[in-house]
$ cat query.cif   # mmCIF, C-alpha atoms and all ligand atoms
data_work
#
loop_
_atom_site.label_atom_id
_atom_site.label_comp_id
_atom_site.auth_asym_id
_atom_site.auth_seq_id
_atom_site.Cartn_x
_atom_site.Cartn_y
_atom_site.Cartn_z
CA MET A 1 -72.58 -88.45 -34.92
CA ILE A 2 -68.91 -89.21 -35.48
CA SER A 3 -66.46 -86.29 -35.32
CA SER A 4 -63.90 -85.53 -38.02
CA THR A 5 -60.62 -83.68 -38.30
CA ILE A 6 -57.99 -82.76 -40.87
CA THR A 7 -54.96 -85.06 -40.72
CA GLY A 8 -53.10 -84.03 -43.87
CA TRP A 9 -52.82 -81.14 -46.28
CA GLY A 10 -50.99 -80.13 -49.43
CA HIS A 11 -51.06 -77.67 -52.27
CA TYR A 12 -49.70 -77.33 -55.78
CA ALA A 13 -48.88 -73.98 -57.34
CA PRO A 14 -47.65 -74.00 -60.96
CA SER A 15 -44.13 -72.58 -61.17
CA LYS A 16 -44.94 -69.89 -63.76
CA VAL A 17 -45.39 -66.57 -61.92
CA VAL A 18 -47.26 -63.86 -63.85
CA THR A 19 -47.01 -60.38 -62.34
CA ASN A 20 -49.38 -57.48 -62.94
CA ASP A 21 -46.68 -55.86 -65.07
CA ASP A 22 -46.51 -59.05 -67.18
CA LEU A 23 -50.27 -58.82 -67.78
CA ALA A 24 -50.00 -55.13 -68.65
CA GLU A 25 -47.95 -56.23 -71.66
CA ILE A 26 -50.85 -58.23 -73.13
CA VAL A 27 -53.92 -56.30 -71.92
CA ASP A 28 -54.67 -52.60 -71.26
CA THR A 29 -54.17 -52.52 -67.48
CA SER A 30 -51.64 -51.51 -64.84
CA ASP A 31 -50.09 -52.88 -61.67
CA GLU A 32 -51.60 -49.96 -59.75
CA TRP A 33 -55.17 -50.61 -60.97
CA ILE A 34 -55.06 -54.32 -60.19
CA ARG A 35 -53.45 -53.86 -56.75
CA GLU A 36 -55.82 -51.08 -55.68
CA ARG A 37 -59.01 -52.82 -56.81
CA SER A 38 -58.17 -56.39 -55.82
CA GLY A 39 -54.98 -56.61 -53.73
CA ILE A 40 -53.49 -59.00 -56.32
CA ARG A 41 -49.77 -58.62 -57.16
CA GLU A 42 -49.15 -61.83 -59.07
CA ARG A 43 -50.72 -65.18 -59.90
CA ARG A 44 -49.62 -68.57 -61.25
CA PHE A 45 -50.36 -69.81 -64.77
CA ALA A 46 -50.35 -73.55 -65.40
CA GLU A 47 -47.47 -74.84 -67.48
CA GLU A 48 -48.02 -76.95 -70.60
CA GLY A 49 -47.96 -80.28 -68.77
CA ASP A 50 -50.28 -79.17 -65.96
CA THR A 51 -53.95 -80.10 -65.99
CA THR A 52 -56.56 -79.96 -63.24
CA ALA A 53 -56.03 -83.70 -62.75
CA THR A 54 -52.23 -83.53 -62.47
CA MET A 55 -52.37 -80.59 -60.04
CA SER A 56 -55.01 -82.41 -57.94
CA ILE A 57 -53.01 -85.63 -57.85
CA ALA A 58 -49.88 -83.73 -56.76
CA CYS A 59 -51.52 -81.99 -53.81
CA ALA A 60 -53.64 -84.98 -52.78
CA THR A 61 -50.50 -87.14 -52.71
CA THR A 62 -48.77 -84.63 -50.41
CA ALA A 63 -51.82 -84.52 -48.14
CA MET A 64 -51.98 -88.32 -47.90
CA GLN A 65 -48.26 -88.60 -47.14
CA ARG A 66 -48.61 -86.02 -44.38
CA ALA A 67 -51.60 -87.87 -42.94
CA GLY A 68 -49.78 -91.21 -43.18
CA VAL A 69 -52.73 -92.57 -45.15
CA SER A 70 -52.24 -95.33 -47.75
CA PRO A 71 -54.26 -95.28 -51.00
CA GLN A 72 -56.16 -98.36 -49.80
CA GLU A 73 -57.43 -96.52 -46.73
CA VAL A 74 -59.22 -93.85 -48.77
CA ASP A 75 -63.00 -94.37 -48.84
CA LEU A 76 -64.01 -91.36 -50.93
CA VAL A 77 -62.36 -88.79 -53.21
CA LEU A 78 -64.13 -85.44 -53.61
CA VAL A 79 -62.78 -82.98 -56.16
CA ALA A 80 -64.24 -79.48 -56.34
CA SER A 81 -63.56 -77.92 -59.74
CA SER A 82 -65.26 -75.83 -62.39
CA SER A 83 -62.39 -76.36 -64.81
CA PRO A 84 -62.09 -80.16 -65.06
CA ASP A 85 -59.92 -81.73 -67.75
CA TYR A 86 -63.01 -82.89 -69.65
CA LEU A 87 -66.77 -82.28 -69.58
CA THR A 88 -66.91 -86.00 -68.99
CA PRO A 89 -65.39 -88.11 -67.38
CA PRO A 90 -65.36 -86.33 -64.02
CA VAL A 91 -61.87 -85.25 -62.96
CA SER A 92 -62.47 -87.00 -59.62
CA SER A 93 -62.03 -90.40 -61.30
CA GLN A 94 -58.71 -89.30 -62.83
CA VAL A 95 -57.62 -88.23 -59.33
CA GLN A 96 -58.85 -91.47 -57.71
CA GLU A 97 -56.81 -93.43 -60.27
CA GLY A 98 -53.79 -91.15 -59.96
CA ILE A 99 -53.54 -91.50 -56.18
CA GLY A 100 -54.15 -95.26 -56.38
CA ALA A 101 -57.31 -95.17 -54.26
CA THR A 102 -58.77 -98.27 -55.91
CA ARG A 103 -61.27 -98.94 -53.08
CA ALA A 104 -62.68 -95.37 -53.09
CA GLY A 105 -65.75 -93.81 -54.64
CA ALA A 106 -65.06 -90.54 -56.45
CA MET A 107 -67.18 -87.51 -57.12
CA GLN A 108 -66.68 -84.11 -58.75
CA LEU A 109 -68.44 -81.09 -57.25
CA THR A 110 -68.91 -78.18 -59.63
CA VAL A 111 -70.01 -75.28 -57.45
CA GLY A 112 -67.83 -72.46 -58.76
CA CYS A 113 -65.42 -70.91 -56.29
CA THR A 114 -67.61 -72.27 -53.46
CA GLY A 115 -66.90 -75.90 -54.34
CA PHE A 116 -64.24 -76.77 -51.76
CA VAL A 117 -66.33 -75.62 -48.80
CA TYR A 118 -69.31 -77.60 -50.19
CA ALA A 119 -66.96 -80.59 -50.45
CA VAL A 120 -65.72 -80.27 -46.85
CA VAL A 121 -69.32 -80.21 -45.61
CA THR A 122 -70.15 -83.20 -47.84
CA ALA A 123 -67.14 -85.16 -46.54
CA GLN A 124 -68.26 -84.42 -42.98
CA GLN A 125 -71.68 -85.99 -43.66
CA PHE A 126 -70.14 -89.26 -44.85
CA ILE A 127 -67.79 -89.37 -41.85
CA ALA A 128 -70.49 -88.37 -39.33
CA THR A 129 -72.74 -91.28 -40.36
CA GLY A 130 -69.91 -93.80 -40.26
CA ALA A 131 -70.15 -94.42 -44.01
CA CYS A 132 -66.54 -93.27 -44.53
CA LYS A 133 -63.49 -93.02 -42.29
CA THR A 134 -61.07 -91.33 -44.69
CA VAL A 135 -61.97 -88.80 -47.37
CA VAL A 136 -59.57 -86.95 -49.68
CA VAL A 137 -60.98 -83.49 -50.45
CA VAL A 138 -59.43 -81.47 -53.28
CA GLY A 139 -60.09 -78.03 -54.76
CA ALA A 140 -58.35 -77.51 -58.12
CA GLU A 141 -58.71 -75.06 -60.98
CA LEU A 142 -57.03 -74.25 -64.22
CA THR A 143 -59.14 -71.27 -65.22
CA THR A 144 -56.47 -69.43 -67.20
CA ARG A 145 -57.04 -71.76 -70.17
CA TRP A 146 -60.58 -70.45 -70.61
CA LEU A 147 -60.11 -66.83 -69.63
CA ASN A 148 -60.76 -64.22 -72.30
CA PHE A 149 -57.56 -62.18 -72.42
CA GLU A 150 -59.39 -59.44 -74.30
CA ASP A 151 -61.61 -58.81 -71.26
CA ARG A 152 -59.35 -56.82 -68.94
CA SER A 153 -61.94 -56.53 -66.16
CA THR A 154 -61.92 -60.31 -65.62
CA CYS A 155 -58.67 -61.87 -66.84
CA VAL A 156 -56.46 -59.97 -64.39
CA LEU A 157 -58.19 -61.48 -61.36
CA PHE A 158 -57.69 -65.23 -61.82
CA GLY A 159 -54.88 -67.78 -61.44
CA ASP A 160 -54.31 -71.55 -61.35
CA GLY A 161 -53.59 -73.91 -58.48
CA ALA A 162 -54.81 -76.75 -56.29
CA GLY A 163 -55.08 -77.68 -52.63
CA ALA A 164 -56.14 -80.80 -50.75
CA VAL A 165 -56.87 -82.13 -47.30
CA VAL A 166 -57.36 -85.58 -45.83
CA MET A 167 -60.40 -85.61 -43.54
CA GLN A 168 -60.66 -88.53 -41.14
CA ALA A 169 -62.95 -89.72 -38.36
CA SER A 170 -61.88 -88.61 -34.88
CA GLU A 171 -62.61 -90.25 -31.53
CA GLU A 172 -62.81 -86.84 -29.86
CA GLU A 173 -66.24 -85.29 -29.48
CA GLY A 174 -67.04 -81.84 -30.85
CA CYS A 175 -64.59 -81.78 -33.78
CA GLY A 176 -65.00 -81.28 -37.52
CA VAL A 177 -67.77 -79.12 -38.97
CA LEU A 178 -69.69 -77.64 -36.02
CA GLY A 179 -71.95 -75.38 -38.05
CA HIS A 180 -72.33 -74.75 -41.76
CA VAL A 181 -74.33 -72.97 -44.44
CA LEU A 182 -74.73 -74.11 -48.06
CA GLY A 183 -76.42 -71.46 -50.19
CA SER A 184 -77.51 -70.91 -53.77
CA ASP A 185 -79.36 -68.21 -55.71
CA GLY A 186 -79.67 -69.24 -59.33
CA SER A 187 -81.31 -65.92 -60.24
CA GLY A 188 -77.77 -64.46 -60.34
CA ALA A 189 -76.40 -67.06 -62.76
CA GLU A 190 -75.65 -64.58 -65.54
CA HIS A 191 -73.28 -62.52 -63.35
CA LEU A 192 -70.51 -65.13 -63.42
CA ILE A 193 -70.76 -67.48 -66.37
CA VAL A 194 -68.88 -69.33 -69.11
CA PRO A 195 -71.75 -68.99 -71.59
CA VAL A 196 -70.31 -71.02 -74.44
CA GLY A 197 -69.08 -74.61 -74.43
CA GLY A 198 -71.93 -76.35 -72.61
CA VAL A 199 -75.04 -77.86 -74.16
CA ALA A 200 -77.01 -74.58 -74.10
CA GLN A 201 -74.53 -72.96 -76.48
CA PRO A 202 -71.91 -75.36 -77.80
CA THR A 203 -68.66 -74.02 -79.20
CA THR A 204 -68.95 -73.31 -82.92
CA LYS A 205 -66.82 -71.57 -85.52
CA GLU A 206 -69.07 -68.55 -85.06
CA THR A 207 -68.73 -68.37 -81.26
CA ILE A 208 -64.96 -68.53 -81.67
CA GLU A 209 -64.91 -65.84 -84.35
CA LYS A 210 -67.12 -63.57 -82.24
CA GLY A 211 -64.80 -64.03 -79.25
CA LEU A 212 -67.67 -65.33 -77.09
CA SER A 213 -65.67 -68.00 -75.29
CA GLY A 214 -64.32 -67.62 -71.79
CA LEU A 215 -65.54 -66.41 -68.43
CA LYS A 216 -67.91 -63.42 -68.31
CA MET A 217 -68.30 -61.54 -65.06
CA ASN A 218 -70.36 -58.61 -63.90
CA GLY A 219 -67.76 -57.41 -61.40
CA ARG A 220 -69.92 -54.81 -59.65
CA GLU A 221 -72.84 -57.21 -59.09
CA VAL A 222 -70.54 -59.95 -57.84
CA PHE A 223 -68.78 -57.46 -55.55
CA LYS A 224 -72.09 -56.39 -53.98
CA PHE A 225 -73.18 -60.00 -53.54
CA ALA A 226 -69.80 -61.09 -52.13
CA THR A 227 -69.43 -58.31 -49.56
CA THR A 228 -72.88 -59.12 -48.15
CA VAL A 229 -72.75 -62.89 -48.25
CA MET A 230 -69.25 -63.21 -46.76
CA GLY A 231 -70.51 -61.67 -43.51
CA THR A 232 -73.96 -63.27 -43.34
CA ALA A 233 -72.69 -66.78 -44.18
CA LEU A 234 -70.03 -66.49 -41.47
CA ASP A 235 -72.56 -65.23 -38.89
CA GLU A 236 -75.08 -67.98 -39.68
CA ALA A 237 -72.49 -70.77 -39.42
CA LEU A 238 -71.18 -69.34 -36.13
CA GLU A 239 -74.72 -69.18 -34.75
CA LYS A 240 -75.39 -72.80 -35.74
CA ALA A 241 -72.16 -73.80 -34.00
CA GLY A 242 -73.13 -71.79 -30.90
CA LEU A 243 -69.92 -69.77 -31.19
CA LYS A 244 -68.87 -66.15 -31.69
CA ALA A 245 -66.43 -64.47 -34.08
CA GLU A 246 -64.02 -63.93 -31.18
CA ASP A 247 -63.75 -67.74 -30.79
CA ILE A 248 -62.24 -68.11 -34.29
CA ASP A 249 -58.49 -68.87 -34.32
CA LEU A 250 -58.09 -68.55 -38.09
CA PHE A 251 -60.50 -67.20 -40.70
CA ILE A 252 -59.78 -68.72 -44.12
CA PRO A 253 -61.98 -66.92 -46.65
CA HIS A 254 -62.23 -67.33 -50.41
CA GLN A 255 -59.33 -65.35 -51.89
CA ALA A 256 -61.10 -63.33 -54.59
CA ASN A 257 -60.34 -59.79 -53.55
CA ALA A 258 -58.46 -58.30 -50.58
CA ARG A 259 -61.12 -55.61 -50.16
CA ILE A 260 -63.87 -58.21 -49.67
CA ILE A 261 -61.74 -60.08 -47.11
CA ASP A 262 -60.78 -56.89 -45.24
CA LEU A 263 -64.40 -55.80 -44.93
CA ALA A 264 -65.52 -59.15 -43.48
CA ALA A 265 -62.55 -59.21 -41.09
CA ARG A 266 -63.17 -55.64 -39.91
CA ASN A 267 -66.89 -56.25 -39.39
CA HIS A 268 -66.09 -59.26 -37.22
CA ASN A 269 -63.22 -57.63 -35.29
CA LEU A 270 -60.77 -60.20 -36.60
CA PRO A 271 -57.17 -58.90 -36.41
CA PRO A 272 -54.72 -59.69 -39.25
CA GLU A 273 -53.11 -62.56 -37.32
CA LYS A 274 -56.50 -64.34 -37.36
CA VAL A 275 -57.07 -63.92 -41.09
CA MET A 276 -55.34 -65.97 -43.80
CA VAL A 277 -54.63 -63.93 -46.94
CA ASN A 278 -52.64 -65.05 -49.98
CA VAL A 279 -54.71 -63.46 -52.77
CA ASP A 280 -51.76 -61.09 -53.36
CA ARG A 281 -49.64 -64.05 -54.58
CA TYR A 282 -52.19 -66.28 -56.30
CA GLY A 283 -55.15 -64.14 -57.38
CA ASN A 284 -58.51 -65.87 -57.43
CA THR A 285 -57.93 -69.60 -57.87
CA SER A 286 -61.66 -70.35 -57.59
CA ALA A 287 -62.35 -73.67 -55.82
CA ALA A 288 -58.60 -74.02 -55.11
CA SER A 289 -58.40 -70.79 -53.14
CA VAL A 290 -59.57 -71.98 -49.70
CA PRO A 291 -57.51 -75.22 -49.68
CA LEU A 292 -54.45 -73.39 -51.04
CA ALA A 293 -54.75 -70.83 -48.23
CA LEU A 294 -55.47 -73.57 -45.69
CA SER A 295 -52.43 -75.61 -46.72
CA GLU A 296 -50.17 -72.55 -46.57
CA ALA A 297 -51.56 -71.72 -43.13
CA PHE A 298 -50.70 -75.21 -41.87
CA GLU A 299 -47.21 -74.93 -43.36
CA ALA A 300 -46.67 -71.57 -41.71
CA GLY A 301 -47.61 -73.03 -38.31
CA ARG A 302 -50.70 -70.82 -38.05
CA ILE A 303 -52.98 -73.75 -37.14
CA GLN A 304 -52.50 -75.60 -33.84
CA PRO A 305 -54.18 -78.76 -32.54
CA GLY A 306 -57.69 -77.88 -31.28
CA ALA A 307 -57.85 -74.72 -33.42
CA LEU A 308 -61.20 -73.30 -34.52
CA LEU A 309 -61.18 -72.52 -38.25
CA ALA A 310 -63.79 -70.60 -40.24
CA PHE A 311 -64.15 -71.18 -43.99
CA VAL A 312 -66.33 -68.92 -46.16
CA ALA A 313 -66.58 -68.96 -49.96
CA PHE A 314 -68.81 -67.53 -52.66
CA GLY A 315 -68.95 -67.82 -56.42
CA ALA A 316 -70.75 -68.80 -59.58
CA GLY A 317 -74.31 -69.99 -59.30
CA LEU A 318 -74.49 -67.69 -57.47
CA THR A 319 -73.49 -69.83 -54.50
CA TRP A 320 -71.99 -69.46 -51.05
CA ALA A 321 -70.91 -71.74 -48.22
CA SER A 322 -69.40 -71.45 -44.78
CA ALA A 323 -68.16 -73.95 -42.22
CA ILE A 324 -66.91 -73.60 -38.67
CA PHE A 325 -64.36 -76.37 -38.20
CA ARG A 326 -62.68 -77.59 -35.00
CA MET A 327 -59.40 -79.51 -35.34
CA ASP A 328 -58.99 -82.37 -32.88
CA SER A 329 -56.09 -82.38 -30.42
CA ARG A 330 -53.72 -84.81 -32.16
CA PRO A 331 -50.27 -83.36 -32.97
CA LEU A 332 -49.87 -82.03 -36.51
CA ASN A 333 -47.22 -83.61 -38.75
N1 LIG B 1 -57.27 -52.30 -65.77
C1 LIG B 1 -57.53 -50.99 -65.86
N2 LIG B 1 -58.79 -50.51 -65.88
C2 LIG B 1 -59.79 -51.41 -65.81
C3 LIG B 1 -59.58 -52.78 -65.72
C4 LIG B 1 -58.24 -53.24 -65.71
N3 LIG B 1 -57.91 -54.53 -65.62
N4 LIG B 1 -60.77 -53.42 -65.66
C5 LIG B 1 -61.71 -52.47 -65.69
N5 LIG B 1 -61.14 -51.25 -65.79
C6 LIG B 1 -61.78 -49.94 -65.83
C7 LIG B 1 -63.22 -50.00 -66.28
O1 LIG B 1 -63.30 -50.00 -67.67
C8 LIG B 1 -63.81 -48.77 -65.64
O2 LIG B 1 -63.50 -47.66 -66.45
P1 LIG B 1 -64.57 -46.50 -66.71
O3 LIG B 1 -64.83 -45.92 -65.36
O4 LIG B 1 -63.83 -45.57 -67.62
O5 LIG B 1 -65.74 -47.17 -67.32
C9 LIG B 1 -63.02 -48.59 -64.35
O6 LIG B 1 -61.83 -49.41 -64.50
C10 LIG B 1 -63.77 -49.01 -63.11
O7 LIG B 1 -64.32 -50.26 -63.32
P2 LIG B 1 -65.25 -50.91 -62.24
O8 LIG B 1 -65.81 -52.20 -62.78
O9 LIG B 1 -66.20 -49.92 -61.68
O10 LIG B 1 -64.19 -51.22 -61.10
P3 LIG B 1 -64.47 -51.74 -59.65
O11 LIG B 1 -63.97 -50.78 -58.66
O12 LIG B 1 -65.87 -52.25 -59.49
O13 LIG B 1 -63.50 -53.01 -59.58
C11 LIG B 1 -63.51 -55.38 -59.80
C12 LIG B 1 -63.65 -54.06 -60.50
C13 LIG B 1 -63.75 -56.50 -60.81
C14 LIG B 1 -62.11 -55.52 -59.22
C15 LIG B 1 -64.57 -55.46 -58.66
O14 LIG B 1 -65.84 -55.16 -59.17
C16 LIG B 1 -64.60 -56.81 -58.01
O15 LIG B 1 -63.69 -57.18 -57.31
N6 LIG B 1 -65.71 -57.56 -58.15
C17 LIG B 1 -65.85 -58.87 -57.57
C18 LIG B 1 -65.11 -59.85 -58.41
C19 LIG B 1 -65.00 -61.19 -57.76
O16 LIG B 1 -64.82 -61.31 -56.58
N7 LIG B 1 -65.12 -62.21 -58.60
C20 LIG B 1 -64.94 -63.56 -58.22
C21 LIG B 1 -66.15 -64.17 -57.67
S1 LIG B 1 -65.82 -65.79 -57.19
#

$ encode --input "query.cif" --output "structure tokens" --more "lines below"
Ligand code: COA
Amino acid sequence: MISSTITGWGHYAPSKVVTNDDLAEIVDTSDEWIRERSGIRERRFAEEGDTTATMSIACATTAMQRAGVSPQEVDLVLVASSSPDYLTPPVSSQVQEGIGATRAGAMQLTVGCTGFVYAVVTAQQFIATGACKTVVVVGAELTTRWLNFEDRSTCVLFGDGAGAVVMQASEEEGCGVLGHVLGSDGSGAEHLIVPVGGVAQPTTKETIEKGLSGLKMNGREVFKFATTVMGTALDEALEKAGLKAEDIDLFIPHQANARIIDLAARNHNLPPEKVMVNVDRYGNTSAASVPLALSEAFEAGRIQPGALLAFVAFGAGLTWASAIFRMDSRPLN
């Protein structure tokens, strides 16, 4: 099996910052409530010209420049998103076109907030078999355009953004995804759902009038699920990799809620310097959250050559995924 590593990274955060106090002007909430329950202080809202495709293209371009990869070298483009520009075509083809990767295949993965970790594991399979040498992996979401701003328990938690990595084959043994878990439990589908707008219940005048559009979440059920699965998914991936929590250099969890992250970190004896947290500044950016945190961690110099990274995410489906990832020893740009 051929090893892989991350050779480039990038992220795109829309410039419009929306604080908790800003939200309190449009919905019955407070800065104190949001901070105490979720750890979120502010989030980004996409500007008029931003779409999931434009944000993806921006961060993928940065990642390719950092990796020194030309568009012609890209074999595959994977875009994890649950808020693509259109129901069809897949946003991955817009991204493939936008980055000029004319030789590449392109695929959209819609796995809720878990999508980017699913995509990293998928990229690894193509690299491991020799089918691909260079894969661009993006997580991008523009959820604020379908949030229901009359539902205060949900709309305060989410934000927009995108992050990308370039994954490439490595000649060093024992790098890339060393252990992973991909999970799904469709019996929990109703707990995190955009019920209207698909083929089961298309948007009609009536659904609009009844205010049925937008994301619906059963926060308590998702919280219970998330606190359990964050720990078990991490443990199972570590076991498959033959490693222990103490071996992790940086834990990069899905940024949904600071309380969920803290619990997982405490249960695994991971000190703050080994845990990447930016949920306070971006809120939950769904499939963009892990790559946005990963890219910021690289920029902050928190990831060194040879580092052992742990990714864990959970979300709609319900789904979860974890991956233990070893960087190879090449210097980082
Ligand atoms: N501002 C002020 N009050 C709010 C509020 C808001 N934005 N949203 C809900 N409330 C109120 C509720 O109406 C409720 O009032 P009541 O007790 O009078 O009925 C009270 O706050 C407590 O609500 P509850 O749902 O019990 O809060 P909680 O402690 O469970 O926290 C979440 C709510 C959503 C923050 C929490 O359940 C959570 O984080 N869930 C997981 C969400 C998640 O991770 N989703 C993403 C998955 S990818």

$ residues_near_ligand --input "query.cif" --ligand "ligand LIG 1 (chain B)" --cutoff "7 Å" --atoms "only C-alpha atoms and all ligand atoms" --output "PyMOL selection string"
chain A and resi 28-30+33-34+37-38+113+152-154+156+219-220+222-223+226+256-257+284+286+314-316

$ closest_atom_pairs --input "query.cif" --of "range 150-176 of chain A" --to "range 2-7 of chain A" --cutoff "9 Å" --atoms "all atoms listed in the file" --output "CSV"
residue,atom,partner,partner_atom,distance
A:Val165,CA,A:Ile6,CA,6.6
A:Val166,CA,A:Thr7,CA,5.7
A:Met167,CA,A:Ile6,CA,4.6
A:Gln168,CA,A:Ser4,CA,5.4
A:Ala169,CA,A:Ser4,CA,4.3
A:Ser170,CA,A:Ser4,CA,4.8
A:Glu171,CA,A:Ser3,CA,6.7
A:Glu172,CA,A:Ser3,CA,6.6
A:Glu173,CA,A:Ser3,CA,5.9
A:Gly174,CA,A:Ser3,CA,6.3
A:Cys175,CA,A:Ser3,CA,5.1
A:Gly176,CA,A:Ser4,CA,4.4

$ closest_residue --input "query.cif" --among "A:His254, A:Arg259, A:Arg145, A:Arg302" --to "Arg35 in chain A" --atoms "all atoms listed in the file"
A:Arg259

$ atom_distance --input "query.cif" --atom1 "CA of Ser329 in chain A" --atom2 "CA of Pro305 in chain A"
4.6 Å

$ atom_distance --input "query.cif" --atom1 "CA of Val111 in chain A" --atom2 "CA of Gly231 in chain A"
19.5 Å

$ closest_atom_pairs --input "query.cif" --of "range 119-205 of chain A" --to "range 48-71 of chain A" --cutoff "6 Å" --atoms "all atoms listed in the file" --output "tab-separated table"
residue	atom	partner	partner_atom	distance
A:Ala140	CA	A:Ser56	CA	5.9
A:Glu141	CA	A:Thr52	CA	5.8
A:Leu142	CA	A:Thr52	CA	5.8
A:Ala162	CA	A:Met55	CA	5.9
A:Gly163	CA	A:Cys59	CA	5.7
A:Ala164	CA	A:Ala60	CA	5.3
A:Val165	CA	A:Ala63	CA	5.6

$ closest_residue --input "query.cif" --among "A:Arg266, A:Gln201, A:Ala323, A:Ala293" --to "Thr122 in chain A" --atoms "all atoms listed in the file"
A:Ala323

$ closest_residue --input "query.cif" --among "A:Val79, A:Ile99, A:Leu147, A:Ala106" --to "Phe45 in chain A" --atoms "only C-alpha atoms"
A:Leu147

$ residues_around --input "query.cif" --residues "Leu78 in chain A" --least-positions-apart "4" --cutoff "12 Å" --atoms "all atoms listed in the file" --output "VMD selection string"
chain A and resid 56 to 57 60 74 90 to 96 101 104 to 110 115 to 124 126 134 to 140 163 to 167

$ write_last_selection --input "query.cif" --atoms "C-alpha atoms" --output "PDB file, keeping the file's coordinate frame"
ATOM      1  CA  SER A  56     -55.010 -82.410 -57.940  1.00  0.00           C
ATOM      2  CA  ILE A  57     -53.010 -85.630 -57.850  1.00  0.00           C
ATOM      3  CA  ALA A  60     -53.640 -84.980 -52.780  1.00  0.00           C
ATOM      4  CA  VAL A  74     -59.220 -93.850 -48.770  1.00  0.00           C
ATOM      5  CA  PRO A  90     -65.360 -86.330 -64.020  1.00  0.00           C
ATOM      6  CA  VAL A  91     -61.870 -85.250 -62.960  1.00  0.00           C
ATOM      7  CA  SER A  92     -62.470 -87.000 -59.620  1.00  0.00           C
ATOM      8  CA  SER A  93     -62.030 -90.400 -61.300  1.00  0.00           C
ATOM      9  CA  GLN A  94     -58.710 -89.300 -62.830  1.00  0.00           C
ATOM     10  CA  VAL A  95     -57.620 -88.230 -59.330  1.00  0.00           C
ATOM     11  CA  GLN A  96     -58.850 -91.470 -57.710  1.00  0.00           C
ATOM     12  CA  ALA A 101     -57.310 -95.170 -54.260  1.00  0.00           C
ATOM     13  CA  ALA A 104     -62.680 -95.370 -53.090  1.00  0.00           C
ATOM     14  CA  GLY A 105     -65.750 -93.810 -54.640  1.00  0.00           C
ATOM     15  CA  ALA A 106     -65.060 -90.540 -56.450  1.00  0.00           C
ATOM     16  CA  MET A 107     -67.180 -87.510 -57.120  1.00  0.00           C
ATOM     17  CA  GLN A 108     -66.680 -84.110 -58.750  1.00  0.00           C
ATOM     18  CA  LEU A 109     -68.440 -81.090 -57.250  1.00  0.00           C
ATOM     19  CA  THR A 110     -68.910 -78.180 -59.630  1.00  0.00           C
ATOM     20  CA  GLY A 115     -66.900 -75.900 -54.340  1.00  0.00           C
ATOM     21  CA  PHE A 116     -64.240 -76.770 -51.760  1.00  0.00           C
ATOM     22  CA  VAL A 117     -66.330 -75.620 -48.800  1.00  0.00           C
ATOM     23  CA  TYR A 118     -69.310 -77.600 -50.190  1.00  0.00           C
ATOM     24  CA  ALA A 119     -66.960 -80.590 -50.450  1.00  0.00           C
ATOM     25  CA  VAL A 120     -65.720 -80.270 -46.850  1.00  0.00           C
ATOM     26  CA  VAL A 121     -69.320 -80.210 -45.610  1.00  0.00           C
ATOM     27  CA  THR A 122     -70.150 -83.200 -47.840  1.00  0.00           C
ATOM     28  CA  ALA A 123     -67.140 -85.160 -46.540  1.00  0.00           C
ATOM     29  CA  GLN A 124     -68.260 -84.420 -42.980  1.00  0.00           C
ATOM     30  CA  PHE A 126     -70.140 -89.260 -44.850  1.00  0.00           C
ATOM     31  CA  THR A 134     -61.070 -91.330 -44.690  1.00  0.00           C
ATOM     32  CA  VAL A 135     -61.970 -88.800 -47.370  1.00  0.00           C
ATOM     33  CA  VAL A 136     -59.570 -86.950 -49.680  1.00  0.00           C
ATOM     34  CA  VAL A 137     -60.980 -83.490 -50.450  1.00  0.00           C
ATOM     35  CA  VAL A 138     -59.430 -81.470 -53.280  1.00  0.00           C
ATOM     36  CA  GLY A 139     -60.090 -78.030 -54.760  1.00  0.00           C
ATOM     37  CA  ALA A 140     -58.350 -77.510 -58.120  1.00  0.00           C
ATOM     38  CA  GLY A 163     -55.080 -77.680 -52.630  1.00  0.00           C
ATOM     39  CA  ALA A 164     -56.140 -80.800 -50.750  1.00  0.00           C
ATOM     40  CA  VAL A 165     -56.870 -82.130 -47.300  1.00  0.00           C
ATOM     41  CA  VAL A 166     -57.360 -85.580 -45.830  1.00  0.00           C
ATOM     42  CA  MET A 167     -60.400 -85.610 -43.540  1.00  0.00           C
TER      43      MET A 167
END

$ axis_aligned_box --input "query.cif" --around "range 81-93 of chain A" --padding-each-side "5 Å" --output "AutoDock Vina command-line options"
--center_x -63.4 --center_y -83.1 --center_z -64.6 --size_x 17.0 --size_y 24.6 --size_z 20.0

$ atom_distance --input "query.cif" --atom1 "CA of Gly317 in chain A" --atom2 "CA of Ser81 in chain A"
13.4 Å

$ closest_residue --input "query.cif" --among "A:Gly197, A:Pro89, A:Gly100, A:Pro253" --to "Glu73 in chain A" --atoms "only C-alpha atoms"
A:Gly100

$ residues_near_point --input "query.cif" --point "(-72.3, -71.1, -37.1)" --cutoff "10 Å" --atoms "all atoms listed in the file" --output "MDAnalysis selection string"
chainID A and resid 177:181 233:245 310 322:325

$ closest_residue --input "query.cif" --among "A:Arg43, A:Glu97, A:Ala24, A:Ala128" --to "Arg281 in chain A" --atoms "all atoms listed in the file"
A:Arg43

$ closest_residue --input "query.cif" --among "A:Ile260, A:Glu246, A:Pro272, A:Gly8" --to "Phe298 in chain A" --atoms "only C-alpha atoms"
A:Gly8

$ residues_around --input "query.cif" --residues "Phe158 in chain A" --least-positions-apart "3" --cutoff "7 Å" --atoms "only C-alpha atoms" --output "ChimeraX atom specification"
/A:144,155,283-285

$ residues_around --input "query.cif" --residues "Thr203 in chain A" --least-positions-apart "5" --cutoff "12 Å" --atoms "all atoms listed in the file" --output "count of residues only"
12
